[in-house]
>>> print(open('query_14.txt').read())   # compact mmCIF, C-alpha atoms
# COMPACT_ATOMS: atom_id res chain seq x y z
CA MET A 1 0.00 0.00 0.00
CA LYS A 2 1.47 3.31 -1.11
CA ARG A 3 1.55 6.09 1.45
CA PRO A 4 3.13 9.55 1.36
CA GLU A 5 6.50 9.84 3.02
CA PHE A 6 6.82 12.04 6.09
CA ASN A 7 6.08 15.67 5.16
CA GLN A 8 5.47 14.68 1.53
CA ALA A 9 2.14 15.86 0.14
CA ILE A 10 0.00 13.86 -2.28
CA LYS A 11 0.47 15.56 -5.67
CA VAL A 12 -2.82 16.26 -7.47
CA ALA A 13 -3.62 17.43 -11.01
CA ILE A 14 -7.02 18.57 -12.23
CA ALA A 15 -8.42 18.67 -15.76
CA ASP A 16 -11.69 20.59 -16.08
CA ASP A 17 -12.76 23.24 -18.57
CA HIS A 18 -14.64 25.27 -15.94
CA ALA A 19 -12.12 27.67 -14.40
CA LEU A 20 -14.43 28.48 -11.48
CA PHE A 21 -14.74 24.81 -10.55
CA ARG A 22 -10.95 24.37 -10.72
CA ALA A 23 -10.52 27.45 -8.55
CA GLY A 24 -12.99 26.08 -5.99
CA VAL A 25 -11.17 22.75 -5.78
CA LYS A 26 -7.82 24.54 -5.56
CA THR A 27 -9.07 26.71 -2.68
CA ALA A 28 -10.53 23.73 -0.85
CA LEU A 29 -7.35 21.66 -1.16
CA ALA A 30 -5.08 24.58 -0.23
CA VAL A 31 -6.02 24.18 3.45
CA LYS A 32 -5.00 20.49 3.44
CA LYS A 33 -1.36 20.08 4.42
CA ASP A 34 -1.04 16.59 2.95
CA VAL A 35 -2.33 17.47 -0.55
CA GLU A 36 -0.71 19.73 -3.15
CA LEU A 37 -2.24 20.80 -6.47
CA VAL A 38 0.63 20.61 -8.98
CA ALA A 39 -1.08 21.02 -12.36
CA GLU A 40 -4.26 22.39 -13.95
CA ALA A 41 -5.61 21.77 -17.45
CA ASP A 42 -8.81 22.72 -19.25
CA ASN A 43 -8.92 19.68 -21.56
CA GLY A 44 -7.48 16.19 -21.87
CA MET A 45 -4.87 17.04 -24.47
CA GLN A 46 -3.44 19.82 -22.31
CA LEU A 47 -3.37 17.43 -19.35
CA LEU A 48 -1.45 14.77 -21.31
CA ASN A 49 1.10 17.40 -22.35
CA LEU A 50 1.48 18.50 -18.72
CA LEU A 51 2.05 14.88 -17.67
CA LYS A 52 5.26 14.88 -19.72
CA HIS A 53 6.67 17.37 -17.20
CA VAL A 54 4.87 16.68 -13.91
CA GLU A 55 4.07 13.38 -12.22
CA PRO A 56 0.97 13.67 -10.03
CA ASP A 57 -0.16 10.91 -7.71
CA VAL A 58 -3.86 11.54 -8.33
CA ILE A 59 -5.74 13.17 -11.22
CA LEU A 60 -9.20 14.73 -10.97
CA LEU A 61 -10.60 14.27 -14.49
CA ASP A 62 -13.74 15.89 -15.86
CA ILE A 63 -15.73 13.84 -18.39
CA GLN A 64 -17.06 16.65 -20.59
CA MET A 65 -14.29 18.87 -21.96
CA PRO A 66 -13.58 20.41 -25.38
CA ILE A 67 -10.85 19.13 -27.72
CA MET A 68 -10.31 15.91 -25.72
CA ASP A 69 -12.78 14.71 -23.11
CA GLY A 70 -12.25 12.52 -20.06
CA ILE A 71 -13.46 9.32 -21.75
CA GLN A 72 -10.79 9.73 -24.44
CA THR A 73 -8.14 10.83 -21.96
CA LEU A 74 -8.49 8.04 -19.37
CA PRO A 75 -7.09 5.20 -21.57
CA GLU A 76 -4.12 7.40 -22.51
CA ILE A 77 -3.36 8.05 -18.84
CA ARG A 78 -3.63 4.34 -18.09
CA LYS A 79 -1.28 3.48 -20.97
CA ASP A 80 1.48 5.98 -20.18
CA HIS A 81 1.00 6.54 -16.42
CA PRO A 82 -0.43 3.26 -15.05
CA HIS A 83 0.31 4.05 -11.39
CA VAL A 84 -1.49 7.39 -11.31
CA LYS A 85 -4.89 7.25 -9.64
CA VAL A 86 -7.76 8.84 -11.61
CA ILE A 87 -10.93 10.22 -10.02
CA ILE A 88 -13.65 11.00 -12.56
CA LEU A 89 -15.73 14.14 -12.05
CA SER A 90 -19.09 14.59 -13.74
CA MET A 91 -22.41 16.38 -13.51
CA HIS A 92 -24.11 13.08 -14.34
CA ASN A 93 -24.69 9.89 -12.36
CA ASP A 94 -25.45 7.48 -15.21
CA HIS A 95 -24.79 3.96 -13.91
CA SER A 96 -23.70 2.48 -17.23
CA MET A 97 -21.18 5.28 -17.76
CA ILE A 98 -19.79 4.93 -14.23
CA SER A 99 -19.46 1.16 -14.61
CA LYS A 100 -17.70 1.54 -17.97
CA LEU A 101 -15.23 4.11 -16.63
CA MET A 102 -14.43 2.02 -13.54
CA GLU A 103 -13.76 -0.99 -15.76
CA ILE A 104 -11.36 0.88 -18.05
CA GLY A 105 -9.30 2.26 -15.20
CA ALA A 106 -10.99 4.94 -13.10
CA ASN A 107 -10.27 4.65 -9.38
CA SER A 108 -13.38 6.53 -8.31
CA TYR A 109 -16.28 8.57 -9.65
CA LEU A 110 -17.69 11.69 -8.03
CA THR A 111 -20.44 14.07 -9.05
CA LYS A 112 -19.33 17.69 -9.26
CA ASN A 113 -21.71 18.67 -6.47
CA SER A 114 -19.66 16.57 -4.03
CA ASP A 115 -18.45 18.62 -1.08
CA SER A 116 -14.76 19.45 -0.68
CA GLU A 117 -14.28 16.96 2.16
CA THR A 118 -15.56 14.10 -0.04
CA ILE A 119 -13.13 15.09 -2.80
CA TYR A 120 -10.30 15.22 -0.25
CA GLN A 121 -11.20 11.79 1.17
CA ALA A 122 -11.42 10.33 -2.33
CA ILE A 123 -7.93 11.64 -3.13
CA LYS A 124 -6.43 10.20 0.07
CA THR A 125 -8.24 6.86 -0.21
CA CYS A 126 -7.38 6.32 -3.88
CA TYR A 127 -3.74 7.17 -3.20
CA GLU A 128 -3.47 4.85 -0.20
CA GLN A 129 -5.87 2.03 -1.12
CA GLU A 130 -6.26 2.28 -4.93
CA PHE A 131 -10.04 2.81 -4.96
CA PHE A 132 -12.63 5.04 -3.32
CA PHE A 133 -16.01 3.36 -3.43
CA ASN A 134 -19.17 5.26 -2.59
CA GLU A 135 -22.90 4.64 -2.94
CA LEU A 136 -22.79 5.88 -6.54
CA THR A 137 -19.99 3.57 -7.68
CA ASN A 138 -21.36 0.57 -5.78
CA LYS A 139 -24.83 0.90 -7.32
CA ALA A 140 -23.34 1.40 -10.77
CA LEU A 141 -21.15 -1.71 -10.50
CA LEU A 142 -24.05 -3.83 -9.27
CA THR A 143 -26.39 -2.46 -11.93
CA GLY A 144 -23.72 -3.15 -14.53
CA LEU A 145 -23.85 -6.86 -13.73
CA ARG A 146 -27.13 -7.17 -15.60
CA THR A 147 -25.53 -6.08 -18.85
CA LYS A 148 -22.03 -7.42 -18.18
CA ARG A 149 -20.21 -9.11 -21.02
CA PRO A 150 -20.29 -12.91 -20.53
CA GLU A 151 -16.52 -13.43 -20.27
CA ILE A 152 -16.23 -11.49 -17.00
CA GLY A 153 -18.16 -13.21 -14.26
CA ALA A 154 -18.89 -16.40 -16.20
CA MET A 155 -16.02 -18.20 -14.47
CA GLN A 156 -18.04 -20.47 -12.22
CA ASP A 157 -15.26 -23.09 -11.99
CA VAL A 158 -12.59 -20.76 -10.56
CA ASN A 159 -11.17 -22.51 -7.50
CA LEU A 160 -10.63 -20.01 -4.68
CA THR A 161 -9.18 -21.08 -1.34
CA GLU A 162 -11.01 -20.33 1.90
CA LYS A 163 -8.52 -17.58 2.72
CA GLU A 164 -8.90 -16.03 -0.75
CA LEU A 165 -12.69 -16.04 -0.34
CA THR A 166 -12.41 -14.40 3.07
CA VAL A 167 -10.08 -11.69 1.77
CA LEU A 168 -12.32 -11.08 -1.25
CA LYS A 169 -15.42 -10.67 0.95
CA LEU A 170 -13.58 -8.21 3.21
CA MET A 171 -12.34 -6.24 0.20
CA CYS A 172 -15.92 -6.00 -1.05
CA GLU A 173 -16.88 -4.64 2.38
CA GLU A 174 -14.38 -1.81 1.73
CA LYS A 175 -11.99 -2.89 4.48
CA THR A 176 -8.50 -1.44 4.18
CA THR A 177 -5.47 -3.62 3.60
CA LYS A 178 -4.44 -3.17 7.23
CA GLU A 179 -7.94 -4.02 8.51
CA ILE A 180 -8.02 -7.19 6.40
CA ALA A 181 -4.54 -8.14 7.63
CA ASP A 182 -5.66 -7.74 11.26
CA ILE A 183 -8.91 -9.69 10.77
CA VAL A 184 -7.34 -12.61 8.88
CA ASP A 185 -4.13 -12.47 10.96
CA ILE A 186 -1.74 -12.10 8.03
CA SER A 187 0.64 -9.33 6.95
CA PRO A 188 -0.49 -6.41 4.73
CA ARG A 189 2.00 -7.63 2.11
CA THR A 190 0.26 -11.03 2.09
CA VAL A 191 -3.11 -9.33 1.64
CA GLU A 192 -1.76 -7.51 -1.41
CA ALA A 193 -0.34 -10.78 -2.78
CA ILE A 194 -3.74 -12.47 -2.35
CA ARG A 195 -5.44 -9.54 -4.07
CA ASP A 196 -3.10 -9.92 -7.06
CA LYS A 197 -3.72 -13.66 -7.14
CA LEU A 198 -7.50 -13.10 -7.06
CA LYS A 199 -7.20 -10.84 -10.09
CA THR A 200 -5.19 -13.49 -11.92
CA LYS A 201 -7.59 -16.30 -11.04
CA THR A 202 -10.79 -14.42 -11.86
CA GLY A 203 -9.53 -12.46 -14.84
CA ALA A 204 -10.51 -9.18 -13.16
CA LYS A 205 -8.33 -6.21 -14.09
CA SER A 206 -9.19 -4.06 -11.10
CA MET A 207 -10.84 -4.00 -7.70
CA ALA A 208 -14.03 -2.95 -9.48
CA GLY A 209 -13.83 -6.14 -11.52
CA LEU A 210 -13.34 -8.22 -8.38
CA VAL A 211 -16.45 -6.69 -6.80
CA MET A 212 -18.47 -7.53 -9.90
CA TYR A 213 -17.07 -11.08 -9.97
CA ALA A 214 -17.96 -11.57 -6.29
CA VAL A 215 -21.57 -10.47 -6.76
CA LYS A 216 -22.05 -12.33 -10.05
CA ASN A 217 -20.89 -15.58 -8.47
CA GLY A 218 -22.84 -15.24 -5.22
CA ILE A 219 -19.77 -14.64 -3.04
CA ILE A 220 -21.44 -11.49 -1.73
CA GLN A 221 -25.11 -10.64 -1.97
CA GLN A 222 -26.38 -7.98 -4.36
CA GLN A 223 -28.12 -5.21 -2.48
>>> encode(input="query_14.txt", output="C-alpha cells")
Amino acid sequence: MKRPEFNQAIKVAIADDHALFRAGVKTALAVKKDVELVAEADNGMQLLNLLKHVEPDVILLDIQMPIMDGIQTLPEIRKDHPHVKVIILSMHNDHSMISKLMEIGANSYLTKNSDSETIYQAIKTCYEQEFFFNELTNKALLTGLRTKRPEIGAMQDVNLTEKELTVLKLMCEEKTTKEIADIVDISPRTVEAIRDKLKTKTGAKSMAGLVMYAVKNGIIQQQ
C-alpha cells in the first residue's frame, strides 16, 4: 500500500474546462497540508502534455471537456501513467457510464456537487488504497452486472481457497489492507499478494472487476 513519506504531500492534477470549478477545488485543497495541487488543465490534451513534465499521484478528471474529453483521456493516462490514480468528475450519475469508466481504469467517480471533504477523502483513499467506493460507484457496479459481457463473471469453476474467499469478501466490504490483515491475521503484504492472485484467477483487471465477480458468483449478496 502506497503512502506519502513524512512531510510529503499527495500531488494532485485537475483537468476541467470550468475555471471556477478548478478554482474552488484549488481553494478547498489549499487548506490540506497533505495534498498539493501541482497542475491544472482545461482539456485532456493539455493534461497529457502536462504529464510529460509533472508526475501527479492523483488526477481529478472531468468527463465533458472540449478538444479531448475525459473518456478519451483516461485510456491514454492508463497506458502511459499506469500508477497514477484517476478520479472521474461529472455532472451526471449514469450507472452504465460509471461502470464503464471504472472498468477501463478509473479509481473513483464523483459528481461535481460533491463537497470538498468528499473530494479530499477520495484523493487520500485512492492514493493509499487504490479505490474510493461510494454509494454511486457501488450501485453502478451492481447495476452493470445485468448487462455485463459474458466473459467477465462467467467463471463459475474458478477454485478459490477459503482464505482467498475471506479476503475477497472483506475487500468488497471496503476494508482497508491493514484491517483485512488484522482480521485474517496475516501481513499487509500477504493481503496484497492475495489480491493480485485473485485478479489473476478471476480475470478481473481491477478492484471494481473483483467486486463484480464476487456479486455475479454469489460470493457477496447484491443489495
>>> residues_around(input="query_14.txt", residues="region 18-35 of chain A", least_positions_apart="5", cutoff="9 Å", atoms="only C-alpha atoms", output="VMD selection string")
chain A and resid 4 7 to 12 40 to 42 65 112 116 to 117 119 to 120 123 to 124
>>> atom_distance(input="query_14.txt", atom1="CA of Glu128 (chain A)", atom2="CA of Thr202 (chain A)")
23.7 Å
>>> residues_near_point(input="query_14.txt", point="(-25.0, 16.2, -11.7)", cutoff="8 Å", atoms="only C-alpha atoms", output="PyMOL selection string")
chain A and resi 90-93+111-113
>>> closest_residue(input="query_14.txt", among="A:Val184, A:Ala13, A:Leu170, A:Met102", to="Ile219 (chain A)", atoms="all atoms listed in the file")
A:Leu170
>>> closest_residue(input="query_14.txt", among="A:Pro75, A:Pro188, A:Gly218, A:Gly44", to="Leu60 (chain A)", atoms="only C-alpha atoms")
A:Gly44
>>> closest_residue(input="query_14.txt", among="A:Ile59, A:Met97, A:Ile183, A:Leu168", to="Ile77 (chain A)", atoms="all atoms listed in the file")
A:Ile59
>>> atom_distance(input="query_14.txt", atom1="CA of Glu55 (chain A)", atom2="CA of Val84 (chain A)")
8.2 Å
>>> closest_residue(input="query_14.txt", among="A:Asp69, A:Glu174, A:Tyr109, A:Asn217", to="His95 (chain A)", atoms="only C-alpha atoms")
A:Tyr109
>>> decode(input="query_14.txt", residues="region 81-119 of chain A", atoms="C-alpha atoms", output="compact mmCIF listing (two decimals), in the first residue's frame")
# COMPACT_ATOMS: atom_id res chain seq x y z
CA HIS A 81 1.00 6.54 -16.42
CA PRO A 82 -0.43 3.26 -15.05
CA HIS A 83 0.31 4.05 -11.39
CA VAL A 84 -1.49 7.39 -11.31
CA LYS A 85 -4.89 7.25 -9.64
CA VAL A 86 -7.76 8.84 -11.61
CA ILE A 87 -10.93 10.22 -10.02
CA ILE A 88 -13.65 11.00 -12.56
CA LEU A 89 -15.73 14.14 -12.05
CA SER A 90 -19.09 14.59 -13.74
CA MET A 91 -22.41 16.38 -13.51
CA HIS A 92 -24.11 13.08 -14.34
CA ASN A 93 -24.69 9.89 -12.36
CA ASP A 94 -25.45 7.48 -15.21
CA HIS A 95 -24.79 3.96 -13.91
CA SER A 96 -23.70 2.48 -17.23
CA MET A 97 -21.18 5.28 -17.76
CA ILE A 98 -19.79 4.93 -14.23
CA SER A 99 -19.46 1.16 -14.61
CA LYS A 100 -17.70 1.54 -17.97
CA LEU A 101 -15.23 4.11 -16.63
CA MET A 102 -14.43 2.02 -13.54
CA GLU A 103 -13.76 -0.99 -15.76
CA ILE A 104 -11.36 0.88 -18.05
CA GLY A 105 -9.30 2.26 -15.20
CA ALA A 106 -10.99 4.94 -13.10
CA ASN A 107 -10.27 4.65 -9.38
CA SER A 108 -13.38 6.53 -8.31
CA TYR A 109 -16.28 8.57 -9.65
CA LEU A 110 -17.69 11.69 -8.03
CA THR A 111 -20.44 14.07 -9.05
CA LYS A 112 -19.33 17.69 -9.26
CA ASN A 113 -21.71 18.67 -6.47
CA SER A 114 -19.66 16.57 -4.03
CA ASP A 115 -18.45 18.62 -1.08
CA SER A 116 -14.76 19.45 -0.68
CA GLU A 117 -14.28 16.96 2.16
CA THR A 118 -15.56 14.10 -0.04
CA ILE A 119 -13.13 15.09 -2.80
